[in-house]
Amino acid sequence: MSVDQLDHRLVIKGARILGGEPQDLYVDDGVLVAEAPSGASEIDADGLVALPGLVDLHTHLREPGREDAETVLTGSRAAALGGFTAVLAMANTSPVTDTAEAAERILDLGRLAGLVDVQPVGAVTRGLAGQELAELGLMARSRAKVRVFSDDGKCVHDPRVMRRALEYVRAFGGVISQHSQDPDLAGPTACCHEGELSGRLGLPGWPGIAEEVIVARDVMLARHTNSRVHVAHVSTAGSVEVIRWAKGQGIDVTAEVTPHHLLLTTDLLAGFDPVYKVNPPLRPDEDVAALRDALADGTIDAVATDHAPHARHDKEHAFVDAAFGMLGLETALSVVSEVMVTSGAMTWSDVARVMSQNPARIAGLDGHGGTLSVGQPANLTLVDPAAIVVVDRAASASLSRNNPWHDRKLTGAVVATVLRGVPTVLDSRLLEK
Amino acid sequence: MAPAQSASAPTAPEGATPEGRTVLDARDISRALTRISHEILERNKGLQHLVLLGIPTRGVHLAQRVADRIAKVEGAQVPLGTLDITMYRDDLRKHPARGPHHTVMPPGGVDGKVVVLVDDVLFSGRTVRAALDAMNDLGRPATVRLAVLVDRGHRELPIRADHVGKNLPSARTERVMVRLEESDGYDEVRIAPMEGLEA
Amino acid sequence: MRKHLLSIDDVSVADVEALFDTAAEMHDVQRRSVKKLPALRGRTVVNLFFEDSTRTRSSFEIAGKWLSADVINVSAKGSSVSKGESLRDTVLTVAAMGVDGLVIRHAASGAAQQVSQWTDAVVINAGDGMHEHPTQALLDAYTLQRRMGTLEDKHVAIVGDVTHSRVFRSNVLLLAKLGAHVTVVAPPTLMPAGVTAWSKDAGFETSYDLDSVLPDADAVMMLRVQRERMNGAYFPSAREYTVGYGLTRDRLATLKPDAPICHPGPMNRGLEIAADAADAAQSAVLDQVSAGVAIRMSVLYHLLAGEGSAT
């Protein structure tokens, strides 16, 4: 395959659009067109599934502040390799993304990297302190057009603050993405799921209800304020029940689940390896099963990575002292393919819905999450559904190596990513300008 | 993990045809011990300050037998103890750690006594060296002597026995096996080539 | 034996027997005027303590010294997290000095297990957070076995703040291994998470009612309860705790007269254990302390004296 990147003209041969029958896709000037443009580069997509470019509602890029763990550029590379054309960068950087200027800076760094659209998430409260609202309106009016606000890493715990935030963002169609975790039910040293294993290991845990009580409170607040709440990284069967009920009531709630909560379980903690330390924690089998069902039936709208790179020295502590989080951008599609598609629980069209269309809709991202129809921006991902990958943490484009998928065999791999007609990844390898 | 290995040698399997040849049978062993007992008494001119210390495992049984013989002759019990040398061995790091045997201080201790160490076979002399070190941590005898059932030569240290049941010329590659009623069910000393034996 | 002692799961019943046999010999050595054995001559043992513990540290230090090891105490107290150094860095720095054995105490569960993956040295867990304290369990069982002859089919009650107790977690594993029946007694707030499933799987009983358990017990282990627990709403007051779960003078009268009373120390006299119980003839508290050195000598000897333990 050879592609003239400056040309923006592509013929993608024989791709199975959303998993359907093979057909050709044509791209001219960054847009999907009906007829093959002359002089286009050709991509052989025989046997590959074409999806609209993936959109990640939940990425930590660590810049500014912890450029030793990840930068917007290295995170963008990992995203492109993972099939993403847009990512939402969480606000818990240093300094926090709680001003218009900070948000524009992230947007600009993303454009400079040029591999995916990096859309900043704004903080709900100043400095993520949970007390005063950040300048939500100014962030919304900025060049970054921030629409998703989150104190992720921390819960907006004060019900009064949460209520006001929900009310306030209605003015510009914003959404609050909540890290649902009652800090009083999850003590300051809590580091894993509270259950039989935490009891045996003597690890301070937090129970599922620490998440569920906040989800329950927030859907009621969303109903009361007639606003929109998004539940970040749902991890328990109880939360799923609450969300299902709320949707049935017509409450404007959406939810995301991470790839790791769809596959990894709390028993991995038996060896005290901090690579499995994540917030919310890995849960037991019953929760994993409920999350898969909820993703398949639409109760959970989206898969989001919660890609959380950490420098080695922040993970090589005693388990309770180590940093929370794991890598996810490069492996997300393979995990979803393995868990949901290979098992028959979902089709590729469903994958397009939960990894591209719904996330783009929730985040209000124009140009992403399309249907690969003529006239839409050519943001797309080619997937080899039969490829078997063995994850190698050393091969990651991320600066960090806290990869819980290392050595794991997964079915389904991203082969190519195209951003507005320009391939960013071909043959599973990064193409940089 | 495997349990710590016992320091005792393996016993001949029941009914198996033993390799090698017998050098002392039960009667030879008995006669040798009787002679050693008399030698000890003669050398010490009686029971005065005499103490016997057996080195586990078979040295303990031999010390007991010598003590019994002395009791018969003298009509009095010679103080008897056991001296474990496991932790004093110079080859401790060449094997997985072995559990130590019991050390029993003889009644009256060892300070100022004439201690006769009793062991089954004298070979390199390293066991005796370890025993002398172990003794050092227990007290300070006036004199230490050594009694062995078999001296097979090949000393690696300047050590010699005071009382020997039998001098047994052997090749370094040969194996000398002492079997005693108390631990093995029968009395015998056998010599066999290393081949054909489980090391 | 396995290379490290991180958890009671690392020792088999045969290992425990070997450890107890050697401990009994070490116990005899303790009574000699020269308490020195040469078994670990030339070996270096570092007591790497991230958490203060004079008792455990001294016990390991004496044990190592009586076996002729060079024992060095390194206090790494104060969070290495705040100093910017990772646990791995701290451990590698110490291990790089040529250490054969690392005795590690840390406030975090699992720390000893993590450390064992980063160094070639033999790692002995001297208490990791709320997880395990295997040498304490070994000395407790050793003490009980000497008092009672055997633990097989004996009924042992473990009473107190079990959820925060590494002593409990090691003991419940070891006592089961040695054939004892264990009843864990605590108020519901101080029971470990998921204890119902765990106890069913591991074969121990749980109870909220100390009075119903004590008369049937062949031995009782009282655990220390920290007064700070009241702030976490675990129980209302020290007085109420004592009334419900303390080994009071009245309760002592209901205990079998020969049933040993253990406590890992330090004791809160008057809170979890009355002075009458602590000082009773059936109290094994001082036996536990003297067994501590013998057990730790035994552990150090078995893990460090032989082949394969050199670095």
# chains A, B, ... in the order shown; residues from 1 in each chain; ligands from 1

$ residues_around --residues "A:Arg200" --least-positions-apart "5" --cutoff "8 Å" --atoms "only C-alpha atoms" --output "number ranges by chain"
C: 131, 169, 192, 198

$ select_by_dssp --residues "stretch 53-284 of chain C" --states "helix (DSSP H, G or I)" --output "ChimeraX atom specification"
/C:54-66,80-83,87-95,111-116,134-148,162-164,166-177,188-190,195-202,210-216,227-232,238-245,249-254,275-278

$ write_last_selection --atoms "C-alpha atoms" --output "mmCIF file, in the first residue's frame"
data_model
loop_
_atom_site.group_PDB
_atom_site.id
_atom_site.type_symbol
_atom_site.label_atom_id
_atom_site.label_comp_id
_atom_site.auth_asym_id
_atom_site.auth_seq_id
_atom_site.Cartn_x
_atom_site.Cartn_y
_atom_site.Cartn_z
ATOM 1 C CA THR C 54 10.120 -2.466 68.156
ATOM 2 C CA ARG C 55 8.879 -5.905 69.177
ATOM 3 C CA THR C 56 8.981 -7.627 65.835
ATOM 4 C CA ARG C 57 12.161 -5.888 64.748
ATOM 5 C CA SER C 58 14.028 -6.805 67.950
ATOM 6 C CA SER C 59 12.780 -10.356 67.722
ATOM 7 C CA PHE C 60 14.125 -10.740 64.169
ATOM 8 C CA GLU C 61 17.315 -8.934 65.117
ATOM 9 C CA ILE C 62 18.065 -11.239 68.049
ATOM 10 C CA ALA C 63 17.140 -14.275 65.967
ATOM 11 C CA GLY C 64 19.521 -13.257 63.194
ATOM 12 C CA LYS C 65 22.333 -12.412 65.572
ATOM 13 C CA TRP C 66 22.077 -15.671 67.493
ATOM 14 C CA SER C 80 8.446 6.856 50.068
ATOM 15 C CA VAL C 81 5.583 8.045 47.876
ATOM 16 C CA SER C 82 5.955 11.549 49.269
ATOM 17 C CA LYS C 83 9.734 11.401 48.853
ATOM 18 C CA LEU C 87 9.043 1.158 46.758
ATOM 19 C CA ARG C 88 10.943 -0.698 44.077
ATOM 20 C CA ASP C 89 13.727 1.892 44.085
ATOM 21 C CA THR C 90 14.009 1.736 47.864
ATOM 22 C CA VAL C 91 14.197 -2.040 47.838
ATOM 23 C CA LEU C 92 16.664 -2.236 44.967
ATOM 24 C CA THR C 93 18.891 0.310 46.700
ATOM 25 C CA VAL C 94 19.000 -1.791 49.840
ATOM 26 C CA ALA C 95 19.314 -5.100 48.002
ATOM 27 C CA ALA C 111 4.183 -5.139 49.975
ATOM 28 C CA ALA C 112 6.306 -8.194 50.825
ATOM 29 C CA GLN C 113 4.947 -10.107 47.844
ATOM 30 C CA GLN C 114 5.686 -7.201 45.507
ATOM 31 C CA VAL C 115 9.198 -6.826 46.920
ATOM 32 C CA SER C 116 9.928 -10.520 46.351
ATOM 33 C CA PRO C 134 3.226 -15.296 59.021
ATOM 34 C CA THR C 135 5.922 -15.495 61.705
ATOM 35 C CA GLN C 136 3.388 -14.262 64.280
ATOM 36 C CA ALA C 137 0.975 -17.028 63.270
ATOM 37 C CA LEU C 138 3.780 -19.589 63.423
ATOM 38 C CA LEU C 139 4.784 -18.539 66.910
ATOM 39 C CA ASP C 140 1.150 -18.496 68.035
ATOM 40 C CA ALA C 141 0.534 -22.005 66.744
ATOM 41 C CA TYR C 142 3.863 -23.181 68.146
ATOM 42 C CA THR C 143 2.953 -21.777 71.560
ATOM 43 C CA LEU C 144 -0.482 -23.388 71.449
ATOM 44 C CA GLN C 145 0.914 -26.711 70.300
ATOM 45 C CA ARG C 146 3.420 -26.776 73.147
ATOM 46 C CA ARG C 147 0.657 -25.983 75.612
ATOM 47 C CA MET C 148 -1.994 -28.271 74.193
ATOM 48 C CA VAL C 162 -10.360 -9.109 62.677
ATOM 49 C CA THR C 163 -10.973 -6.956 59.613
ATOM 50 C CA HIS C 164 -7.898 -4.813 60.250
ATOM 51 C CA ARG C 166 -2.912 -9.345 59.626
ATOM 52 C CA VAL C 167 -2.417 -11.592 62.660
ATOM 53 C CA PHE C 168 -5.927 -12.924 62.136
ATOM 54 C CA ARG C 169 -5.419 -13.515 58.409
ATOM 55 C CA SER C 170 -2.246 -15.539 58.942
ATOM 56 C CA ASN C 171 -3.639 -17.392 61.932
ATOM 57 C CA VAL C 172 -6.865 -18.455 60.293
ATOM 58 C CA LEU C 173 -4.858 -20.010 57.453
ATOM 59 C CA LEU C 174 -2.347 -21.744 59.699
ATOM 60 C CA LEU C 175 -4.780 -23.040 62.306
ATOM 61 C CA ALA C 176 -6.913 -24.582 59.570
ATOM 62 C CA LYS C 177 -3.791 -26.137 58.064
ATOM 63 C CA PRO C 188 -20.391 -7.104 62.291
ATOM 64 C CA THR C 189 -18.525 -3.847 61.606
ATOM 65 C CA LEU C 190 -15.168 -5.465 62.373
ATOM 66 C CA VAL C 195 -16.465 -13.136 55.317
ATOM 67 C CA THR C 196 -19.562 -15.264 54.751
ATOM 68 C CA ALA C 197 -18.274 -16.657 51.481
ATOM 69 C CA TRP C 198 -14.712 -16.815 52.728
ATOM 70 C CA SER C 199 -15.552 -18.694 55.920
ATOM 71 C CA LYS C 200 -17.664 -21.186 54.005
ATOM 72 C CA ASP C 201 -14.821 -21.777 51.579
ATOM 73 C CA ALA C 202 -12.062 -21.911 54.205
ATOM 74 C CA LEU C 210 -18.513 -14.101 72.461
ATOM 75 C CA ASP C 211 -20.393 -15.547 75.434
ATOM 76 C CA SER C 212 -21.761 -18.422 73.386
ATOM 77 C CA VAL C 213 -18.332 -19.261 71.948
ATOM 78 C CA LEU C 214 -16.012 -19.039 74.959
ATOM 79 C CA PRO C 215 -17.169 -22.022 77.053
ATOM 80 C CA ASP C 216 -16.490 -24.386 74.164
ATOM 81 C CA ARG C 227 -9.217 3.111 69.995
ATOM 82 C CA GLU C 228 -9.144 5.144 66.749
ATOM 83 C CA ARG C 229 -11.636 2.685 65.278
ATOM 84 C CA MET C 230 -14.357 4.510 67.136
ATOM 85 C CA ASN C 231 -13.834 7.437 64.756
ATOM 86 C CA GLY C 232 -14.587 5.211 61.786
ATOM 87 C CA ALA C 238 -14.468 1.484 74.455
ATOM 88 C CA ARG C 239 -16.871 0.620 77.247
ATOM 89 C CA GLU C 240 -19.377 -0.910 74.889
ATOM 90 C CA TYR C 241 -16.639 -2.852 73.113
ATOM 91 C CA THR C 242 -15.374 -4.311 76.373
ATOM 92 C CA VAL C 243 -18.870 -5.327 77.438
ATOM 93 C CA GLY C 244 -19.485 -7.050 74.112
ATOM 94 C CA TYR C 245 -16.094 -8.439 73.110
ATOM 95 C CA ARG C 249 -12.930 -11.304 84.524
ATOM 96 C CA ASP C 250 -16.475 -12.678 84.297
ATOM 97 C CA ARG C 251 -15.851 -14.186 80.901
ATOM 98 C CA LEU C 252 -12.550 -15.662 82.066
ATOM 99 C CA ALA C 253 -14.569 -17.736 84.522
ATOM 100 C CA THR C 254 -16.517 -19.305 81.657
ATOM 101 C CA ALA C 275 -5.633 -7.767 83.670
ATOM 102 C CA ASP C 276 -6.964 -10.934 85.340
ATOM 103 C CA ALA C 277 -7.002 -12.678 81.967
ATOM 104 C CA ALA C 278 -3.669 -11.290 80.765
#

$ closest_atom_pairs --of "chain B" --to "chain C" --cutoff "9 Å" --atoms "only C-alpha atoms" --output "tab-separated table"
residue	atom	partner	partner_atom	distance
B:Met1	CA	C:Met1	CA	4.2
B:Ala2	CA	C:Met1	CA	5.6
B:Pro3	CA	C:Asp15	CA	5.2
B:Ala4	CA	C:Ala18	CA	6.2
B:Thr86	CA	C:Ala39	CA	8.4
B:Met87	CA	C:Ala39	CA	4.8
B:Tyr88	CA	C:Pro38	CA	6.0
B:Arg89	CA	C:Ala39	CA	8.1
B:Asp91	CA	C:Gly306	CA	8.9
B:Leu92	CA	C:Gly306	CA	5.7
B:Arg93	CA	C:Gly306	CA	4.4
B:Lys94	CA	C:Glu307	CA	5.0
B:His95	CA	C:Glu307	CA	4.7
B:Pro96	CA	C:Gly306	CA	4.4
B:Ala97	CA	C:Gly306	CA	4.0
B:Arg98	CA	C:His302	CA	7.4
B:Gly99	CA	C:Thr22	CA	5.8
B:Pro100	CA	C:Thr22	CA	6.1
B:His101	CA	C:Glu25	CA	7.6
B:His102	CA	C:Glu25	CA	6.2
B:Thr103	CA	C:Glu25	CA	7.6
B:Ala134	CA	C:Leu37	CA	8.2
B:Asp137	CA	C:Val34	CA	5.6
B:Leu138	CA	C:Val34	CA	6.8
B:Gly139	CA	C:Val34	CA	8.3

$ atom_distance --atom1 "atom CA of C:Thr44" --atom2 "atom CA of B:Val128"
27.3 Å

$ select_by_dssp --residues "stretch 175-221 of chain C" --states "strand (DSSP E)" --output "VMD selection string"
chain C and resid 181 to 185 205 to 207 219 to 221

$ closest_residue --among "B:Val60, B:Met135, B:Val144, B:Val110" --to "B:Asn44" --atoms "only C-alpha atoms"
B:Val144

$ atom_distance --atom1 "atom CA of C:Val103" --atom2 "atom CA of C:Gly129"
14.4 Å

$ residues_around --residues "B:Arg126" --least-positions-apart "3" --cutoff "12 Å" --atoms "only C-alpha atoms" --output "PyMOL selection string"
chain B and resi 85-86+88-92+121-123+129-133+154-160
